[in-house]
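Undergrad: Here you go, this is final12.pdb (PDB, C-alpha atoms and all ligand atoms).
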ATOM      1  CA  MET A   1      -7.365  29.224 -27.953
ATOM      2  CA  LEU A   2      -4.061  27.445 -28.543
ATOM      3  CA  GLU A   3      -1.136  28.990 -26.719
ATOM      4  CA  ILE A   4       1.705  30.149 -29.018
ATOM      5  CA  THR A   5       5.001  29.433 -27.256
ATOM      6  CA  ASP A   6       7.748  32.054 -27.283
ATOM      7  CA  TYR A   7      11.296  31.356 -28.517
ATOM      8  CA  ARG A   8      14.414  33.219 -29.640
ATOM      9  CA  ASN A   9      16.023  33.369 -33.054
ATOM     10  CA  PHE A  10      18.940  30.977 -33.401
ATOM     11  CA  GLU A  11      22.259  32.225 -34.757
ATOM     12  CA  ILE A  12      23.875  29.880 -37.269
ATOM     13  CA  ASP A  13      26.749  32.127 -38.308
ATOM     14  CA  ASN A  14      27.422  35.841 -38.725
ATOM     15  CA  GLN A  15      24.947  36.159 -41.537
ATOM     16  CA  VAL A  16      22.188  33.580 -41.121
ATOM     17  CA  PHE A  17      19.692  33.225 -38.273
ATOM     18  CA  VAL A  18      16.825  30.769 -37.937
ATOM     19  CA  LYS A  19      13.444  31.743 -36.537
ATOM     20  CA  PRO A  20      12.384  28.429 -34.982
ATOM     21  CA  ASP A  21       8.637  28.817 -35.436
ATOM     22  CA  TYR A  22       8.372  25.022 -35.312
ATOM     23  CA  LEU A  23       8.749  25.492 -31.544
ATOM     24  CA  ASN A  24       5.547  27.562 -31.322
ATOM     25  CA  HIS A  25       3.480  24.541 -30.255
ATOM     26  CA  GLU A  26       4.162  20.892 -29.574
ATOM     27  CA  THR A  27       1.677  19.310 -31.979
ATOM     28  CA  VAL A  28       0.038  22.070 -34.069
ATOM     29  CA  SER A  29       3.452  23.333 -34.991
ATOM     30  CA  GLY A  30       4.920  26.003 -37.248
ATOM     31  CA  ASN A  31       3.061  27.852 -39.948
ATOM     32  CA  LYS A  32       0.124  25.447 -39.712
ATOM     33  CA  LEU A  33      -0.679  26.831 -36.259
ATOM     34  CA  ARG A  34      -0.330  30.397 -37.595
ATOM     35  CA  LYS A  35      -2.734  29.609 -40.422
ATOM     36  CA  LEU A  36      -5.242  27.882 -38.150
ATOM     37  CA  LYS A  37      -5.375  30.433 -35.336
ATOM     38  CA  HIS A  38      -7.826  32.993 -36.748
ATOM     39  CA  ASN A  39      -9.764  30.302 -38.592
ATOM     40  CA  LEU A  40     -10.385  28.446 -35.327
ATOM     41  CA  ILE A  41     -11.535  31.660 -33.670
ATOM     42  CA  GLU A  42     -13.867  32.286 -36.609
ATOM     43  CA  ALA A  43     -15.225  28.722 -36.499
ATOM     44  CA  LYS A  44     -16.050  29.137 -32.793
ATOM     45  CA  ASN A  45     -17.666  32.540 -33.459
ATOM     46  CA  GLU A  46     -19.825  30.984 -36.165
ATOM     47  CA  GLY A  47     -20.882  28.280 -33.706
ATOM     48  CA  LYS A  48     -19.419  25.474 -35.823
ATOM     49  CA  ASN A  49     -18.451  22.296 -34.014
ATOM     50  CA  THR A  50     -16.894  20.472 -36.983
ATOM     51  CA  ILE A  51     -13.943  21.355 -39.214
ATOM     52  CA  LEU A  52     -13.464  19.673 -42.588
ATOM     53  CA  THR A  53     -10.320  19.946 -44.651
ATOM     54  CA  PHE A  54      -8.239  18.234 -47.359
ATOM     55  CA  GLY A  55      -4.753  16.803 -47.634
ATOM     56  CA  GLY A  56      -2.359  14.140 -48.828
ATOM     57  CA  ALA A  57      -1.096  11.106 -46.938
ATOM     58  CA  TYR A  58       1.779  12.950 -45.223
ATOM     59  CA  SER A  59       0.145  16.356 -44.828
ATOM     60  CA  ASN A  60       1.391  18.669 -42.068
ATOM     61  CA  HIS A  61      -1.927  20.499 -42.351
ATOM     62  CA  ILE A  62      -3.996  17.335 -41.726
ATOM     63  CA  SER A  63      -1.851  16.530 -38.703
ATOM     64  CA  ALA A  64      -2.225  20.065 -37.307
ATOM     65  CA  VAL A  65      -5.986  20.250 -37.846
ATOM     66  CA  ALA A  66      -6.488  16.861 -36.174
ATOM     67  CA  SER A  67      -4.493  17.918 -33.137
ATOM     68  CA  ALA A  68      -6.071  21.394 -32.882
ATOM     69  CA  GLY A  69      -9.537  19.849 -33.110
ATOM     70  CA  GLN A  70      -8.775  17.468 -30.289
ATOM     71  CA  LEU A  71      -7.328  20.221 -28.073
ATOM     72  CA  LEU A  72     -10.178  22.672 -28.686
ATOM     73  CA  GLY A  73     -13.127  20.279 -28.859
ATOM     74  CA  PHE A  74     -13.935  20.423 -32.581
ATOM     75  CA  LYS A  75     -14.895  17.316 -34.539
ATOM     76  CA  THR A  76     -12.524  17.039 -37.502
ATOM     77  CA  ILE A  77     -12.890  15.422 -40.909
ATOM     78  CA  GLY A  78      -9.927  14.914 -43.214
ATOM     79  CA  VAL A  79     -10.633  14.260 -46.894
ATOM     80  CA  ILE A  80      -7.524  12.372 -47.996
ATOM     81  CA  ARG A  81      -6.154  12.016 -51.539
ATOM     82  CA  GLY A  82      -5.846   8.343 -52.578
ATOM     83  CA  GLU A  83      -8.431   5.580 -52.053
ATOM     84  CA  GLU A  84      -5.695   2.958 -51.698
ATOM     85  CA  LEU A  85      -4.628   4.509 -48.385
ATOM     86  CA  VAL A  86      -7.709   3.281 -46.566
ATOM     87  CA  SER A  87      -5.954  -0.031 -45.849
ATOM     88  CA  LYS A  88      -2.660   1.667 -44.892
ATOM     89  CA  ILE A  89      -3.659   3.916 -42.011
ATOM     90  CA  GLU A  90      -1.764   1.870 -39.409
ATOM     91  CA  THR A  91       1.502   2.030 -41.346
ATOM     92  CA  ASN A  92       1.246   5.766 -42.093
ATOM     93  CA  ALA A  93       2.465   7.928 -39.197
ATOM     94  CA  THR A  94       0.505  11.039 -40.237
ATOM     95  CA  LEU A  95      -2.809   9.288 -40.851
ATOM     96  CA  SER A  96      -2.627   7.114 -37.754
ATOM     97  CA  TYR A  97      -1.785  10.176 -35.644
ATOM     98  CA  ALA A  98      -4.713  12.120 -37.145
ATOM     99  CA  GLN A  99      -7.038   9.223 -36.453
ATOM    100  CA  SER A 100      -5.752   8.908 -32.879
ATOM    101  CA  CYS A 101      -6.704  12.585 -32.386
ATOM    102  CA  GLY A 102     -10.262  11.669 -33.344
ATOM    103  CA  MET A 103     -10.195  12.842 -36.963
ATOM    104  CA  THR A 104     -12.608  11.050 -39.298
ATOM    105  CA  LEU A 105     -10.700  10.135 -42.459
ATOM    106  CA  LYS A 106     -12.526  10.021 -45.774
ATOM    107  CA  PHE A 107     -10.477   8.635 -48.643
ATOM    108  CA  VAL A 108     -11.244   9.748 -52.179
ATOM    109  CA  SER A 109      -9.706   8.857 -55.533
ATOM    110  CA  ARG A 110      -7.153  11.185 -57.038
ATOM    111  CA  ASP A 111      -9.733  12.144 -59.684
ATOM    112  CA  ASN A 112     -12.384  13.060 -57.115
ATOM    113  CA  TYR A 113      -9.816  14.885 -55.021
ATOM    114  CA  ARG A 114      -9.243  17.305 -57.898
ATOM    115  CA  ASP A 115     -12.841  18.522 -57.355
ATOM    116  CA  LYS A 116     -12.067  19.647 -53.818
ATOM    117  CA  THR A 117     -12.969  23.294 -54.480
ATOM    118  CA  ASN A 118     -16.015  22.406 -56.575
ATOM    119  CA  SER A 119     -19.325  23.429 -54.920
ATOM    120  CA  ASP A 120     -21.104  20.163 -55.891
ATOM    121  CA  PHE A 121     -18.401  18.165 -54.157
ATOM    122  CA  ILE A 122     -18.678  20.336 -51.032
ATOM    123  CA  LEU A 123     -22.497  19.953 -51.057
ATOM    124  CA  LYS A 124     -22.109  16.161 -51.143
ATOM    125  CA  LEU A 125     -19.739  16.394 -48.185
ATOM    126  CA  ARG A 126     -22.366  18.456 -46.301
ATOM    127  CA  ASP A 127     -24.961  15.763 -47.071
ATOM    128  CA  GLU A 128     -22.617  13.167 -45.645
ATOM    129  CA  PHE A 129     -21.204  15.002 -42.608
ATOM    130  CA  GLY A 130     -23.658  17.811 -41.831
ATOM    131  CA  ASP A 131     -22.586  21.409 -41.288
ATOM    132  CA  PHE A 132     -18.854  22.179 -41.022
ATOM    133  CA  TYR A 133     -16.287  24.962 -41.155
ATOM    134  CA  LEU A 134     -14.386  24.457 -44.396
ATOM    135  CA  LEU A 135     -10.634  24.875 -44.586
ATOM    136  CA  PRO A 136      -8.973  24.578 -47.999
ATOM    137  CA  GLU A 137      -6.069  22.198 -48.689
ATOM    138  CA  GLY A 138      -2.952  23.573 -47.001
ATOM    139  CA  GLY A 139      -5.156  25.881 -44.914
ATOM    140  CA  THR A 140      -4.539  29.036 -46.950
ATOM    141  CA  ASN A 141      -7.225  31.738 -46.926
ATOM    142  CA  ALA A 142      -7.397  35.383 -45.839
ATOM    143  CA  LEU A 143      -7.569  34.502 -42.121
ATOM    144  CA  ALA A 144      -4.569  32.185 -42.506
ATOM    145  CA  ILE A 145      -2.551  35.008 -44.006
ATOM    146  CA  LYS A 146      -3.549  37.258 -41.110
ATOM    147  CA  GLY A 147      -2.084  34.623 -38.762
ATOM    148  CA  CYS A 148       1.146  34.451 -40.777
ATOM    149  CA  GLU A 149       1.541  38.214 -40.478
ATOM    150  CA  GLU A 150       2.123  37.536 -36.762
ATOM    151  CA  ILE A 151       5.256  35.445 -37.405
ATOM    152  CA  LEU A 152       7.485  38.525 -37.664
ATOM    153  CA  THR A 153       7.999  40.547 -34.497
ATOM    154  CA  GLU A 154       9.939  43.487 -33.145
ATOM    155  CA  ALA A 155      12.960  41.187 -32.685
ATOM    156  CA  ASP A 156      13.183  40.687 -36.460
ATOM    157  CA  LYS A 157      13.260  44.304 -37.551
ATOM    158  CA  ASP A 158      16.987  44.465 -38.346
ATOM    159  CA  PHE A 159      17.064  41.616 -40.853
ATOM    160  CA  ASP A 160      17.539  42.535 -44.512
ATOM    161  CA  PHE A 161      16.258  39.287 -45.997
ATOM    162  CA  ILE A 162      13.539  36.992 -44.674
ATOM    163  CA  CYS A 163      13.370  33.558 -46.275
ATOM    164  CA  CYS A 164      10.654  30.922 -46.202
ATOM    165  CA  ALA A 165       9.557  27.766 -47.965
ATOM    166  CA  VAL A 166       6.498  28.082 -50.199
ATOM    167  CA  GLY A 167       3.678  25.590 -50.788
ATOM    168  CA  THR A 168       0.380  27.360 -51.449
ATOM    169  CA  GLY A 169       1.831  30.836 -50.857
ATOM    170  CA  GLY A 170      -0.121  31.688 -47.705
ATOM    171  CA  THR A 171       2.843  31.940 -45.374
ATOM    172  CA  ILE A 172       4.957  34.116 -47.644
ATOM    173  CA  SER A 173       1.950  36.387 -48.236
ATOM    174  CA  GLY A 174       1.690  37.042 -44.501
ATOM    175  CA  LEU A 175       5.424  37.718 -44.278
ATOM    176  CA  ILE A 176       5.276  40.115 -47.235
ATOM    177  CA  ASN A 177       2.410  42.043 -45.627
ATOM    178  CA  ALA A 178       4.270  42.246 -42.306
ATOM    179  CA  ALA A 179       7.722  43.128 -43.663
ATOM    180  CA  LEU A 180       9.287  46.539 -43.073
ATOM    181  CA  PRO A 181      10.158  48.708 -46.092
ATOM    182  CA  HIS A 182      13.879  47.836 -45.944
ATOM    183  CA  GLN A 183      13.232  44.077 -45.831
ATOM    184  CA  LYS A 184      13.011  41.703 -48.775
ATOM    185  CA  ILE A 185      11.116  38.407 -48.558
ATOM    186  CA  ILE A 186      12.580  35.469 -50.494
ATOM    187  CA  GLY A 187      10.403  32.410 -51.095
ATOM    188  CA  PHE A 188      11.650  28.947 -52.013
ATOM    189  CA  PRO A 189       8.826  26.962 -53.665
ATOM    190  CA  ALA A 190       8.808  23.291 -52.665
ATOM    191  CA  LEU A 191       7.121  22.385 -55.925
ATOM    192  CA  LYS A 192       7.360  22.972 -59.662
ATOM    193  CA  GLY A 193       5.039  25.310 -61.486
ATOM    194  CA  ASP A 194       4.703  29.003 -62.171
ATOM    195  CA  PHE A 195       1.230  29.644 -60.734
ATOM    196  CA  LEU A 196       2.562  30.691 -57.329
ATOM    197  CA  SER A 197       3.534  34.285 -58.139
ATOM    198  CA  GLN A 198      -0.028  34.923 -59.305
ATOM    199  CA  GLU A 199      -1.488  33.353 -56.163
ATOM    200  CA  ILE A 200       0.694  35.503 -53.919
ATOM    201  CA  THR A 201      -0.136  38.666 -55.867
ATOM    202  CA  LYS A 202      -3.812  38.117 -54.947
ATOM    203  CA  PHE A 203      -2.992  38.493 -51.252
ATOM    204  CA  VAL A 204      -0.314  41.179 -51.097
ATOM    205  CA  SER A 205       0.279  44.714 -52.292
ATOM    206  CA  ASN A 206       3.961  45.130 -51.381
ATOM    207  CA  LYS A 207       6.521  44.435 -54.111
ATOM    208  CA  ASN A 208       9.464  43.584 -51.845
ATOM    209  CA  TRP A 209       9.548  39.856 -52.593
ATOM    210  CA  GLU A 210      10.916  37.281 -54.982
ATOM    211  CA  LEU A 211      10.521  33.536 -55.576
ATOM    212  CA  ILE A 212      13.650  31.468 -56.191
ATOM    213  CA  THR A 213      12.379  28.515 -58.171
ATOM    214  CA  GLN A 214      15.398  26.260 -58.657
ATOM    215  CA  TYR A 215      15.445  24.424 -55.322
ATOM    216  CA  HIS A 216      12.377  22.154 -55.567
ATOM    217  CA  PHE A 217      14.544  19.042 -56.122
ATOM    218  CA  GLY A 218      12.265  17.676 -58.837
ATOM    219  CA  GLY A 219       8.888  18.654 -57.386
ATOM    220  CA  TYR A 220       6.631  18.389 -54.376
ATOM    221  CA  GLY A 221       7.713  15.631 -51.994
ATOM    222  CA  LYS A 222      10.707  14.732 -54.190
ATOM    223  CA  VAL A 223      14.109  14.365 -52.533
ATOM    224  CA  ASN A 224      17.552  13.103 -53.482
ATOM    225  CA  THR A 225      20.586  11.934 -51.557
ATOM    226  CA  THR A 226      22.239  15.371 -51.756
ATOM    227  CA  LEU A 227      19.280  16.907 -49.931
ATOM    228  CA  ILE A 228      19.085  14.157 -47.309
ATOM    229  CA  GLU A 229      22.814  14.440 -46.602
ATOM    230  CA  TYR A 230      22.487  18.219 -46.371
ATOM    231  CA  ILE A 231      19.678  17.895 -43.814
ATOM    232  CA  ASN A 232      21.730  15.423 -41.769
ATOM    233  CA  ASP A 233      24.868  17.621 -41.872
ATOM    234  CA  PHE A 234      22.849  20.696 -40.931
ATOM    235  CA  LYS A 235      21.463  18.933 -37.885
ATOM    236  CA  ALA A 236      24.902  17.628 -36.887
ATOM    237  CA  THR A 237      26.405  21.130 -36.951
ATOM    238  CA  THR A 238      23.482  23.243 -35.637
ATOM    239  CA  SER A 239      21.260  20.685 -33.808
ATOM    240  CA  ILE A 240      18.338  22.038 -35.813
ATOM    241  CA  ALA A 241      16.237  19.386 -37.548
ATOM    242  CA  LEU A 242      14.901  20.290 -40.995
ATOM    243  CA  ASP A 243      12.059  18.582 -42.840
ATOM    244  CA  PRO A 244      12.690  17.190 -46.348
ATOM    245  CA  ILE A 245       9.601  18.696 -48.032
ATOM    246  CA  TYR A 246       9.959  22.376 -47.172
ATOM    247  CA  THR A 247      12.565  23.727 -44.769
ATOM    248  CA  GLY A 248      15.399  21.446 -45.956
ATOM    249  CA  LYS A 249      14.999  22.719 -49.513
ATOM    250  CA  MET A 250      14.833  26.343 -48.328
ATOM    251  CA  MET A 251      17.979  26.077 -46.205
ATOM    252  CA  PHE A 252      19.869  24.308 -48.990
ATOM    253  CA  GLY A 253      18.813  27.145 -51.303
ATOM    254  CA  ILE A 254      19.866  29.900 -48.905
ATOM    255  CA  TYR A 255      23.400  28.540 -48.511
ATOM    256  CA  ASP A 256      23.712  27.837 -52.215
ATOM    257  CA  LEU A 257      22.707  31.438 -52.970
ATOM    258  CA  ILE A 258      25.210  32.716 -50.404
ATOM    259  CA  GLU A 259      27.936  30.763 -52.197
ATOM    260  CA  LYS A 260      26.848  32.234 -55.521
ATOM    261  CA  GLY A 261      27.047  35.783 -54.093
ATOM    262  CA  TYR A 262      23.308  36.515 -54.252
ATOM    263  CA  PHE A 263      23.231  38.251 -50.854
ATOM    264  CA  PRO A 264      25.425  41.270 -50.050
ATOM    265  CA  LYS A 265      28.176  40.095 -47.650
ATOM    266  CA  THR A 266      27.137  42.304 -44.754
ATOM    267  CA  SER A 267      23.411  41.570 -45.049
ATOM    268  CA  LYS A 268      21.538  39.671 -42.351
ATOM    269  CA  ILE A 269      19.267  36.806 -43.325
ATOM    270  CA  LEU A 270      16.429  35.344 -41.276
ATOM    271  CA  ALA A 271      15.265  31.862 -42.314
ATOM    272  CA  ILE A 272      11.789  31.010 -41.053
ATOM    273  CA  HIS A 273      11.627  27.399 -39.857
ATOM    274  CA  THR A 274       7.977  26.698 -40.608
ATOM    275  CA  GLY A 275       7.928  23.208 -39.047
ATOM    276  CA  GLY A 276       6.939  20.023 -40.868
ATOM    277  CA  LEU A 277       8.954  17.661 -38.709
ATOM    278  CA  GLN A 278       5.997  15.291 -38.269
ATOM    279  CA  GLY A 279       6.587  14.295 -41.908
ATOM    280  CA  VAL A 280      10.099  12.944 -41.355
ATOM    281  CA  GLU A 281       8.886   9.516 -40.237
ATOM    282  CA  GLY A 282       6.796   9.030 -43.364
ATOM    283  CA  MET A 283       9.652  10.151 -45.606
ATOM    284  CA  ASN A 284      12.080   7.772 -43.883
ATOM    285  CA  GLN A 285       9.685   4.908 -44.463
ATOM    286  CA  ARG A 286       9.701   5.662 -48.190
ATOM    287  CA  LEU A 287      13.490   6.115 -48.272
ATOM    288  CA  LYS A 288      13.960   2.802 -46.514
ATOM    289  CA  GLN A 289      11.843   0.982 -49.098
ATOM    290  CA  GLN A 290      14.101   2.472 -51.784
ATOM    291  CA  ASN A 291      17.296   1.514 -49.902
ATOM    292  CA  LYS A 292      18.314   5.172 -49.710
ATOM    293  CA  PRO A 293      20.023   6.990 -46.823
ATOM    294  CA  LEU A 294      17.610   8.078 -44.077
ATOM    295  CA  ILE A 295      17.112  11.373 -42.264
ATOM    296  CA  VAL A 296      18.691  10.997 -38.825
TER     297      VAL A 296
HETATM  298  C1  LIG B   1       2.686  23.859 -45.352
HETATM  299  C2  LIG B   1       4.105  24.200 -45.140
HETATM  300  C3  LIG B   1       4.747  25.206 -45.880
HETATM  301  C4  LIG B   1       4.073  25.942 -46.996
HETATM  302  O1  LIG B   1       3.236  26.955 -46.534
HETATM  303  P1  LIG B   1       2.273  27.707 -47.522
HETATM  304  O2  LIG B   1       1.593  28.690 -46.675
HETATM  305  O3  LIG B   1       1.317  26.671 -48.056
HETATM  306  O4  LIG B   1       3.059  28.290 -48.620
HETATM  307  C5  LIG B   1       6.069  25.514 -45.558
HETATM  308  N1  LIG B   1       6.728  24.848 -44.600
HETATM  309  C6  LIG B   1       6.154  23.858 -43.903
HETATM  310  C7  LIG B   1       6.957  23.147 -42.900
HETATM  311  C8  LIG B   1       4.820  23.504 -44.139
HETATM  312  O5  LIG B   1       4.269  22.515 -43.438
END
Would you mind writing the structure in this file as structure tokens?
Ligand SMILES: *Cc1c(COP(=O)(O)O)cnc(C)c1O
TA:
Amino acid sequence: MLEITDYRNFEIDNQVFVKPDYLNHETVSGNKLRKLKHNLIEAKNEGKNTILTFGGAYSNHISAVASAGQLLGFKTIGVIRGEELVSKIETNATLSYAQSCGMTLKFVSRDNYRDKTNSDFILKLRDEFGDFYLLPEGGTNALAIKGCEEILTEADKDFDFICCAVGTGGTISGLINAALPHQKIIGFPALKGDFLSQEITKFVSNKNWELITQYHFGGYGKVNTTLIEYINDFKATTSIALDPIYTGKMMFGIYDLIEKGYFPKTSKILAIHTGGLQGVEGMNQRLKQQNKPLIV
């Protein structure tokens, strides 16, 4: 199985610490490794030699699955949203990396992609590729949440607040399940929409959590110059790189909430750095085309 590297929490100031879970592995990094771990064990136990999953053109999950498959000897298939991307693999850092790991990329139209949980669509994929272990988009399922419960350790027991970015809700669900009674989990959705609370409620029974929904910066994958400058300043002062899709938005939100007095002054906050740094190159390419400042 993939080795999970040890690290220490990083102190930013008296109140805020970062758990650098992006350091847990070189290529299958952050929460995507946590979500894959028990799924990969299960796939091996079931005797599967192929893993099929779904994602967009810059997906951290696609990148992680491709790398894990290469390291552990699984064939991998990535069903990618957007037919037009088939001619752009070489210029897309995520897709070309996935392909270099041996992942087979299948491009589908945005309309077809919407059917990704539909059993007819999955049957057609089985006709095309044979038997496979199926991972949903973003990798969230019960085994993924089990892996995310392992993010928090003994060293984190004194924190009052634990913060994370939210995409599908798998990571925060694991944190909620693993939290101690005195701890509150705060999630910062990276996208618009109010379906997330319901999703999370399916996976957790504790009530010690809250979503803060005003730091999505316009929606999934959307950024502005304020956010980019924040990410660059944060790196200059702490040497910690943030990604623009998830952890940058979370960290911006945490410090904005501190300024607004949301957290009691003496409370201790742990921000989970869930990774996502492979996506910086792709974002910079888009920013460059728009003549906007880049992430340094
Ligand atoms: C995928 C991802 C998330 C979101 O995790 P979910 O379990 O889908 O909520 C957060 N941060 C990073 C860096 C990610 O890649």
Undergrad: May I have the residues within 6 Å of ligand LIG 1 (chain B), computed using all atoms listed in the file, as a ChimeraX atom specification?
TA: /A:60,138,165-171,246-247,274-276
Undergrad: Need the shell around Glu3 in chain A: protein/DNA/RNA residues with any atom at most 12 Å away, counting only C-alpha atoms. Skip same-chain ones fewer than 5 positions apart. Format as number ranges by chain?
TA: A: 23-29, 33-34, 37, 68, 71-72
Undergrad: Calculated over only C-alpha atoms, which of the candidates A:Pro244, A:Asn39, A:Phe161, A:Thr91 has the smallest distance to Tyr262 in chain A?
TA: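 Comparing A:Pro244, A:Asn39, A:Phe161, A:Thr91 against Tyr262 in chain A, the winner is A:Phe161.
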Undergrad: Need the shell around Arg8 in chain A: protein/DNA/RNA residues with any atom at most 8 Å away, counting only C-alpha atoms. Skip same-chain ones fewer than 2 positions apart. Format as number ranges by chain?
TA: A: 6, 10, 19-20
Undergrad: Mind checking which residues fall within 10 Å of Arg110 in chain A, counting all atoms listed in the file, ignoring those fewer than 5 positions away in the same chain, and posting them as a VMD selection string?
TA: chain A and resid 56 80 to 84 115
Undergrad: Tell me, as a PDB file with C-alpha atoms, keeping the file's coordinate frame, which residues lie within 9 Å of Ile295 in chain A, counting all atoms listed in the file; anything in the same chain fewer than 5 positions away does not count.
TA:
ATOM      1  CA  ILE A 228      19.085  14.157 -47.309  1.00  0.00           C
ATOM      2  CA  GLU A 229      22.814  14.440 -46.602  1.00  0.00           C
ATOM      3  CA  ILE A 231      19.678  17.895 -43.814  1.00  0.00           C
ATOM      4  CA  ASN A 232      21.730  15.423 -41.769  1.00  0.00           C
ATOM      5  CA  ASP A 243      12.059  18.582 -42.840  1.00  0.00           C
ATOM      6  CA  PRO A 244      12.690  17.190 -46.348  1.00  0.00           C
ATOM      7  CA  VAL A 280      10.099  12.944 -41.355  1.00  0.00           C
ATOM      8  CA  GLU A 281       8.886   9.516 -40.237  1.00  0.00           C
ATOM      9  CA  MET A 283       9.652  10.151 -45.606  1.00  0.00           C
ATOM     10  CA  ASN A 284      12.080   7.772 -43.883  1.00  0.00           C
ATOM     11  CA  LEU A 287      13.490   6.115 -48.272  1.00  0.00           C
TER      12      LEU A 287
END
Undergrad: Would you mind listing what lies within 8 Å of Ile172 in chain A as a PyMOL selection string, with all atoms listed in the file counted and same-chain residues fewer than 6 positions away left out?
TA: chain A and resi 148+164-166+185+187+200
Undergrad: Could you tell me which residues the PyMOL selection byres (((chain A and resi 38) around 8) and not hetatm) returns for this structure, as a PyMOL selection string?
TA: chain A and resi 34-37+39-42+143-144+146-147
Undergrad: Residues of range 136-185 of chain A that approach range 207-224 of chain A to 8 Å or less, counting only C-alpha atoms: could you list each one with the shortest pair of atoms and its distance in Å to one decimal, rows by chain and increasing residue number, as JSON lines?
TA:
{"residue": "A:Ile176", "atom": "CA", "partner": "A:Trp209", "partner_atom": "CA", "distance": 6.9}
{"residue": "A:Pro181", "atom": "CA", "partner": "A:Asn208", "partner_atom": "CA", "distance": 7.7}
{"residue": "A:Gln183", "atom": "CA", "partner": "A:Asn208", "partner_atom": "CA", "distance": 7.1}
{"residue": "A:Lys184", "atom": "CA", "partner": "A:Asn208", "partner_atom": "CA", "distance": 5.1}
{"residue": "A:Ile185", "atom": "CA", "partner": "A:Trp209", "partner_atom": "CA", "distance": 4.6}
Undergrad: Suppose you want the space between CA of Ser63 in chain A and CA of Ile151 in chain A; what is it in Å?
TA: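 Rounded to one decimal, the two atoms are 20.2 Å apart.
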Undergrad: Draw an axis-aligned box over all listed atoms of range 29-37 of chain A, pad each side with 4 Å, and write its centre and edge lengths in Å, one decimal, as JSON.
TA:
{"center_x": -0.2, "center_y": 26.9, "center_z": -37.7, "size_x": 18.3, "size_y": 15.1, "size_z": 13.4}
Undergrad: Here is a test: counting all atoms listed in the file, which residue of A:Gln278, A:Val296, A:Leu105, A:Glu137 is nearest to Ser87 in chain A?
TA: A:Leu105
Undergrad: Can you give me, as a list in words, the residues this file yields under the PyMOL selection byres (((chain A and resi 157) around 10) and not hetatm)?
TA: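 What the PyMOL selection byres (((chain A and resi 157) around 10) and not hetatm) grabs from the file is Leu152, Thr153, Glu154, Ala155, Asp156, Asp158, Phe159, Asp160, Ala179, Leu180, His182 and Gln183 of chain A.
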Undergrad: Suppose we keep C-alpha atoms; can you now write the selection as a PDB file, in the coordinates of the input?
TA:
ATOM      1  CA  LEU A 152       7.485  38.525 -37.664  1.00  0.00           C
ATOM      2  CA  THR A 153       7.999  40.547 -34.497  1.00  0.00           C
ATOM      3  CA  GLU A 154       9.939  43.487 -33.145  1.00  0.00           C
ATOM      4  CA  ALA A 155      12.960  41.187 -32.685  1.00  0.00           C
ATOM      5  CA  ASP A 156      13.183  40.687 -36.460  1.00  0.00           C
ATOM      6  CA  ASP A 158      16.987  44.465 -38.346  1.00  0.00           C
ATOM      7  CA  PHE A 159      17.064  41.616 -40.853  1.00  0.00           C
ATOM      8  CA  ASP A 160      17.539  42.535 -44.512  1.00  0.00           C
ATOM      9  CA  ALA A 179       7.722  43.128 -43.663  1.00  0.00           C
ATOM     10  CA  LEU A 180       9.287  46.539 -43.073  1.00  0.00           C
ATOM     11  CA  HIS A 182      13.879  47.836 -45.944  1.00  0.00           C
ATOM     12  CA  GLN A 183      13.232  44.077 -45.831  1.00  0.00           C
TER      13      GLN A 183
END
Undergrad: CA of Ile51 in chain A and CA of Asn118 in chain A, how far apart in Å?
TA: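 Straight-line distance from CA of Asn118 in chain A to CA of Ile51 in chain A works out to 17.5 Å.
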Undergrad: Quote the spacing between CA of Met251 in chain A and CA of Thr226 in chain A in Å to one decimal place.
TA: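 If I compute the distance from CA of Met251 in chain A to CA of Thr226 in chain A, I get 12.8 Å.
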Undergrad: Restricting the calculation to all atoms listed in the file, which member of A:Thr237, A:Gln70, A:Phe263, A:Phe132 is positioned closest to Glu46 in chain A?
TA: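 Smallest separation from Glu46 in chain A among the options: A:Phe132.
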Undergrad: Nearest to Gly279 in chain A among A:Phe17, A:Tyr7, A:Tyr97, A:Phe54, with distances taken over all atoms listed in the file: which residue is it?
TA: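 Of all the options, A:Tyr97 lies closest to Gly279 in chain A.
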Undergrad: Can I get a file of range 123-127 of chain A from the given structure, N, CA, C and O atoms kept, as a PDB file, in the first residue's frame?
TA:
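Written out: decode10.pdb:
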ATOM      1  N   LEU A 123     -22.787   0.496 -17.360  1.00  0.00           N
ATOM      2  CA  LEU A 123     -22.802  -0.767 -18.116  1.00  0.00           C
ATOM      3  C   LEU A 123     -22.072  -0.610 -19.447  1.00  0.00           C
ATOM      4  O   LEU A 123     -21.319  -1.482 -19.856  1.00  0.00           O
ATOM      5  N   LYS A 124     -22.307   0.511 -20.114  1.00  0.00           N
ATOM      6  CA  LYS A 124     -21.617   0.767 -21.400  1.00  0.00           C
ATOM      7  C   LYS A 124     -20.107   0.840 -21.185  1.00  0.00           C
ATOM      8  O   LYS A 124     -19.327   0.353 -22.006  1.00  0.00           O
ATOM      9  N   LEU A 125     -19.711   1.450 -20.066  1.00  0.00           N
ATOM     10  CA  LEU A 125     -18.273   1.530 -19.769  1.00  0.00           C
ATOM     11  C   LEU A 125     -17.709   0.129 -19.517  1.00  0.00           C
ATOM     12  O   LEU A 125     -16.582  -0.180 -19.909  1.00  0.00           O
ATOM     13  N   ARG A 126     -18.504  -0.745 -18.877  1.00  0.00           N
ATOM     14  CA  ARG A 126     -18.035  -2.129 -18.651  1.00  0.00           C
ATOM     15  C   ARG A 126     -17.919  -2.880 -19.979  1.00  0.00           C
ATOM     16  O   ARG A 126     -17.024  -3.697 -20.172  1.00  0.00           O
ATOM     17  N   ASP A 127     -18.851  -2.617 -20.902  1.00  0.00           N
ATOM     18  CA  ASP A 127     -18.743  -3.221 -22.241  1.00  0.00           C
ATOM     19  C   ASP A 127     -17.439  -2.798 -22.903  1.00  0.00           C
ATOM     20  O   ASP A 127     -16.763  -3.586 -23.553  1.00  0.00           O
TER      21      ASP A 127
END
